[in-house]
Structure formats: C-alpha cells, structure tokens
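Novice: Quick one: this structure, given as structure tokens, is what I'll be asking you about.
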Amino acid sequence: MRVSVGINWLGDSYSGDAGFNMTSGFDLRLLERFLATGEIAFGSIGDTNITHAQISLGRAISQNTEWTLGYDNLDIGGVTIGSAFTGLRFRF
C-alpha cells in the first residue's frame, strides 16, 4: 500500500492556480505472475474538484515488466472521462 499528499498546480500565460492532492494505491499479488493494482486520487485546483481512479490486472513478463489491462476514470469539475487501457508497465 502507498499513500501520498501533495499539491496540484496549474499555470499558463493567463493565470495560475493551486490546490491539495491526496493519492492512495495498492499492489496485490494474486498468483505468482499476476498482480492487481489500484490507485485513487482526490484533489482540487482552485475551486474545481478532481478525482482520478484506476484499477488494473497485470501479468509479469519479467522481473520489472508486466503486461497490464485496466480501467481509468478521471472526473474534473463534474466532467467524467472513463477509458479502458492496455500496455506495458515498467517497475523500477
């Protein structure tokens, strides 16, 4: 398990804003070569709330590489973007 606290910061040539962020996640070995991974983050930038969640199932290809398949959900100020994904994850 992991937990972190930080700052969201957005800045461009017009203005800038900042807010609080907290992230929590886990890695769970299901079988010798299969891992479940999840992460959720809550935060804000100015008056806008941000929530980001991701869950995936991975199969180890080598000690530091896994093929992963999962779902990602991002909500920024009430606008939600959800998507499935697949790819390689490198752990170091």
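Labels used: A, B, ... for chains in the order of the structure tokens, numbers from 1 for residues in each chain, and numbers from 1 for ligands as shown.
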Which residues are close to Asp72 (chain A), i.e. within 6 Å by only C-alpha atoms, leaving aside same-chain residues fewer than 3 positions away? Reply as a ChimeraX atom specification.

Specialist: /A:53-54,82-83

Novice: Those same residues, written as a tab-separated table (two decimals), in the first residue's frame with N, CA and C atoms?

Specialist:
chain	number	residue	atom	x	y	z
A	53	ALA	N	-9.25	7.66	-10.60
A	53	ALA	CA	-9.19	6.28	-10.10
A	53	ALA	C	-8.77	5.36	-11.24
A	54	GLN	N	-7.99	4.35	-10.87
A	54	GLN	CA	-7.52	3.39	-11.87
A	54	GLN	C	-7.40	2.02	-11.22
A	82	GLY	N	-13.91	8.21	-18.84
A	82	GLY	CA	-13.59	6.84	-18.47
A	82	GLY	C	-13.04	6.11	-19.68
A	83	SER	N	-12.04	5.27	-19.46
A	83	SER	CA	-11.48	4.54	-20.60
A	83	SER	C	-10.79	3.26	-20.14

Novice: Residues within 10 Å of Ala41 (chain A), please, as a PyMOL selection string. Count only C-alpha atoms; anything in the same chain fewer than 6 positions from it doesn't count.

Specialist: chain A and resi 3-5+21-25+50-54+74

Novice: Write out, as a compact mmCIF listing (two decimals), in the first residue's frame, the residues just selected, with all heavy atoms.

Specialist:
# COMPACT_ATOMS: atom_id res chain seq x y z
N VAL A 3 0.53 5.78 0.21
CA VAL A 3 -0.27 6.99 0.41
C VAL A 3 0.65 8.18 0.22
O VAL A 3 1.79 8.17 0.68
CB VAL A 3 -0.89 7.03 1.82
CG1 VAL A 3 -1.63 8.34 2.05
CG2 VAL A 3 -1.82 5.86 2.05
N SER A 4 0.17 9.20 -0.47
CA SER A 4 0.97 10.41 -0.64
C SER A 4 0.07 11.64 -0.57
O SER A 4 -1.13 11.57 -0.82
CB SER A 4 1.73 10.38 -1.97
OG SER A 4 0.82 10.41 -3.05
N VAL A 5 0.67 12.75 -0.24
CA VAL A 5 -0.02 14.04 -0.15
C VAL A 5 0.83 15.04 -0.93
O VAL A 5 2.05 15.01 -0.87
CB VAL A 5 -0.17 14.49 1.32
CG1 VAL A 5 -0.79 15.86 1.40
CG2 VAL A 5 -0.98 13.48 2.10
N ASN A 21 -3.77 17.68 -3.01
CA ASN A 21 -3.94 16.37 -3.63
C ASN A 21 -3.55 15.27 -2.64
O ASN A 21 -2.57 15.39 -1.92
CB ASN A 21 -3.06 16.25 -4.88
CG ASN A 21 -3.32 14.96 -5.62
OD1 ASN A 21 -4.41 14.74 -6.12
ND2 ASN A 21 -2.32 14.09 -5.66
N MET A 22 -4.34 14.19 -2.60
CA MET A 22 -4.03 13.01 -1.80
C MET A 22 -4.23 11.78 -2.67
O MET A 22 -5.26 11.65 -3.34
CB MET A 22 -4.91 12.89 -0.58
CG MET A 22 -4.48 11.74 0.32
SD MET A 22 -5.60 11.47 1.68
CE MET A 22 -6.47 10.06 1.05
N THR A 23 -3.24 10.88 -2.71
CA THR A 23 -3.29 9.68 -3.53
C THR A 23 -3.05 8.46 -2.65
O THR A 23 -2.20 8.49 -1.77
CB THR A 23 -2.22 9.72 -4.64
OG1 THR A 23 -2.42 10.88 -5.42
CG2 THR A 23 -2.29 8.50 -5.53
N SER A 24 -3.80 7.39 -2.91
CA SER A 24 -3.63 6.13 -2.21
C SER A 24 -3.69 5.00 -3.22
O SER A 24 -4.49 5.05 -4.16
CB SER A 24 -4.74 5.97 -1.16
OG SER A 24 -4.60 4.74 -0.50
N GLY A 25 -2.85 3.99 -3.05
CA GLY A 25 -2.82 2.90 -4.01
C GLY A 25 -2.37 1.60 -3.38
O GLY A 25 -1.93 1.55 -2.23
N ILE A 50 -11.08 17.37 -8.31
CA ILE A 50 -10.53 16.39 -9.23
C ILE A 50 -10.51 15.03 -8.53
O ILE A 50 -10.05 14.93 -7.39
CB ILE A 50 -9.08 16.75 -9.64
CG1 ILE A 50 -9.06 18.11 -10.33
CG2 ILE A 50 -8.49 15.67 -10.53
CD1 ILE A 50 -7.66 18.64 -10.55
N THR A 51 -11.01 14.00 -9.22
CA THR A 51 -10.93 12.63 -8.74
C THR A 51 -10.39 11.77 -9.87
O THR A 51 -10.87 11.84 -11.00
CB THR A 51 -12.32 12.10 -8.31
OG1 THR A 51 -12.86 12.97 -7.34
CG2 THR A 51 -12.21 10.71 -7.73
N HIS A 52 -9.40 10.95 -9.56
CA HIS A 52 -8.80 10.06 -10.55
C HIS A 52 -8.68 8.67 -9.93
O HIS A 52 -8.11 8.51 -8.86
CB HIS A 52 -7.42 10.57 -10.97
CG HIS A 52 -6.76 9.71 -11.99
ND1 HIS A 52 -5.44 9.37 -11.93
CD2 HIS A 52 -7.24 9.13 -13.11
CE1 HIS A 52 -5.13 8.61 -12.96
NE2 HIS A 52 -6.22 8.45 -13.70
N ALA A 53 -9.25 7.66 -10.60
CA ALA A 53 -9.19 6.28 -10.10
C ALA A 53 -8.77 5.36 -11.24
O ALA A 53 -9.13 5.57 -12.40
CB ALA A 53 -10.55 5.85 -9.56
N GLN A 54 -7.99 4.35 -10.87
CA GLN A 54 -7.52 3.39 -11.87
C GLN A 54 -7.40 2.02 -11.22
O GLN A 54 -6.93 1.90 -10.09
CB GLN A 54 -6.15 3.83 -12.39
CG GLN A 54 -5.63 2.99 -13.52
CD GLN A 54 -4.29 3.49 -14.01
OE1 GLN A 54 -3.26 3.00 -13.56
NE2 GLN A 54 -4.31 4.47 -14.90
N LEU A 74 -11.42 9.56 -14.78
CA LEU A 74 -10.99 10.90 -14.39
C LEU A 74 -12.21 11.81 -14.35
O LEU A 74 -12.97 11.87 -15.32
CB LEU A 74 -9.96 11.43 -15.38
CG LEU A 74 -9.42 12.83 -15.16
CD1 LEU A 74 -8.68 12.93 -13.83
CD2 LEU A 74 -8.51 13.23 -16.31

Novice: Give me the residues within 12 Å of Gly16 (chain A) as a JSON list (two decimals) with N, CA, C and O atoms, in the first residue's frame, counting only C-alpha atoms and dropping any in the same chain fewer than 6 places off.

Specialist:
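Listing of around23.json after writing:
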[["chain", "number", "residue", "atom", "x", "y", "z"],
["A", 8, "ASN", "N", -1.47, 20.16, -6.33],
["A", 8, "ASN", "CA", -1.78, 20.29, -7.75],
["A", 8, "ASN", "C", -1.50, 21.74, -8.13],
["A", 8, "ASN", "O", -1.89, 22.66, -7.41],
["A", 9, "TRP", "N", -0.85, 21.95, -9.24],
["A", 9, "TRP", "CA", -0.51, 23.30, -9.66],
["A", 9, "TRP", "C", -0.75, 23.43, -11.15],
["A", 9, "TRP", "O", -0.35, 22.58, -11.93],
["A", 10, "LEU", "N", -1.43, 24.49, -11.55],
["A", 10, "LEU", "CA", -1.71, 24.77, -12.95],
["A", 10, "LEU", "C", -1.31, 26.22, -13.21],
["A", 10, "LEU", "O", -1.72, 27.12, -12.49],
["A", 45, "ILE", "N", -7.97, 22.01, -7.85],
["A", 45, "ILE", "CA", -7.20, 23.13, -8.39],
["A", 45, "ILE", "C", -8.14, 24.32, -8.31],
["A", 45, "ILE", "O", -9.16, 24.36, -8.99],
["A", 46, "GLY", "N", -7.83, 25.25, -7.42],
["A", 46, "GLY", "CA", -8.74, 26.37, -7.19],
["A", 46, "GLY", "C", -10.05, 25.86, -6.62],
["A", 46, "GLY", "O", -10.06, 25.13, -5.63]]

Novice: So which one's closest to Arg89 (chain A), A:Ile40, A:Ala18, A:Leu35, A:Ile76? Using only C-alpha atoms, please.

Specialist: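 Under the stated criterion, the closest residue is A:Leu35.
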
Novice: Which residues in region 8-63 of chain A does DSSP call strand (DSSP E)? List them as a ChimeraX atom specification.

Specialist: /A:8-11,16-31,34-45,48-60

Novice: Between CA of Leu31 (chain A) and CA of Phe90 (chain A), what is the distance in Å, rounded to a tenth?

Specialist: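 These two atoms are separated by 18.7 Å.
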
Novice: Enter the distance from CA of Glu66 (chain A) to CA of Ala84 (chain A), in Å, rounded to one decimal.

Specialist: 16.8 Å

Novice: Please, what distance in Å, to one decimal, runs between CA of Ala60 (chain A) and CA of Phe85 (chain A)?

Specialist: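 That distance, rounded to one decimal, is 16.7 Å.
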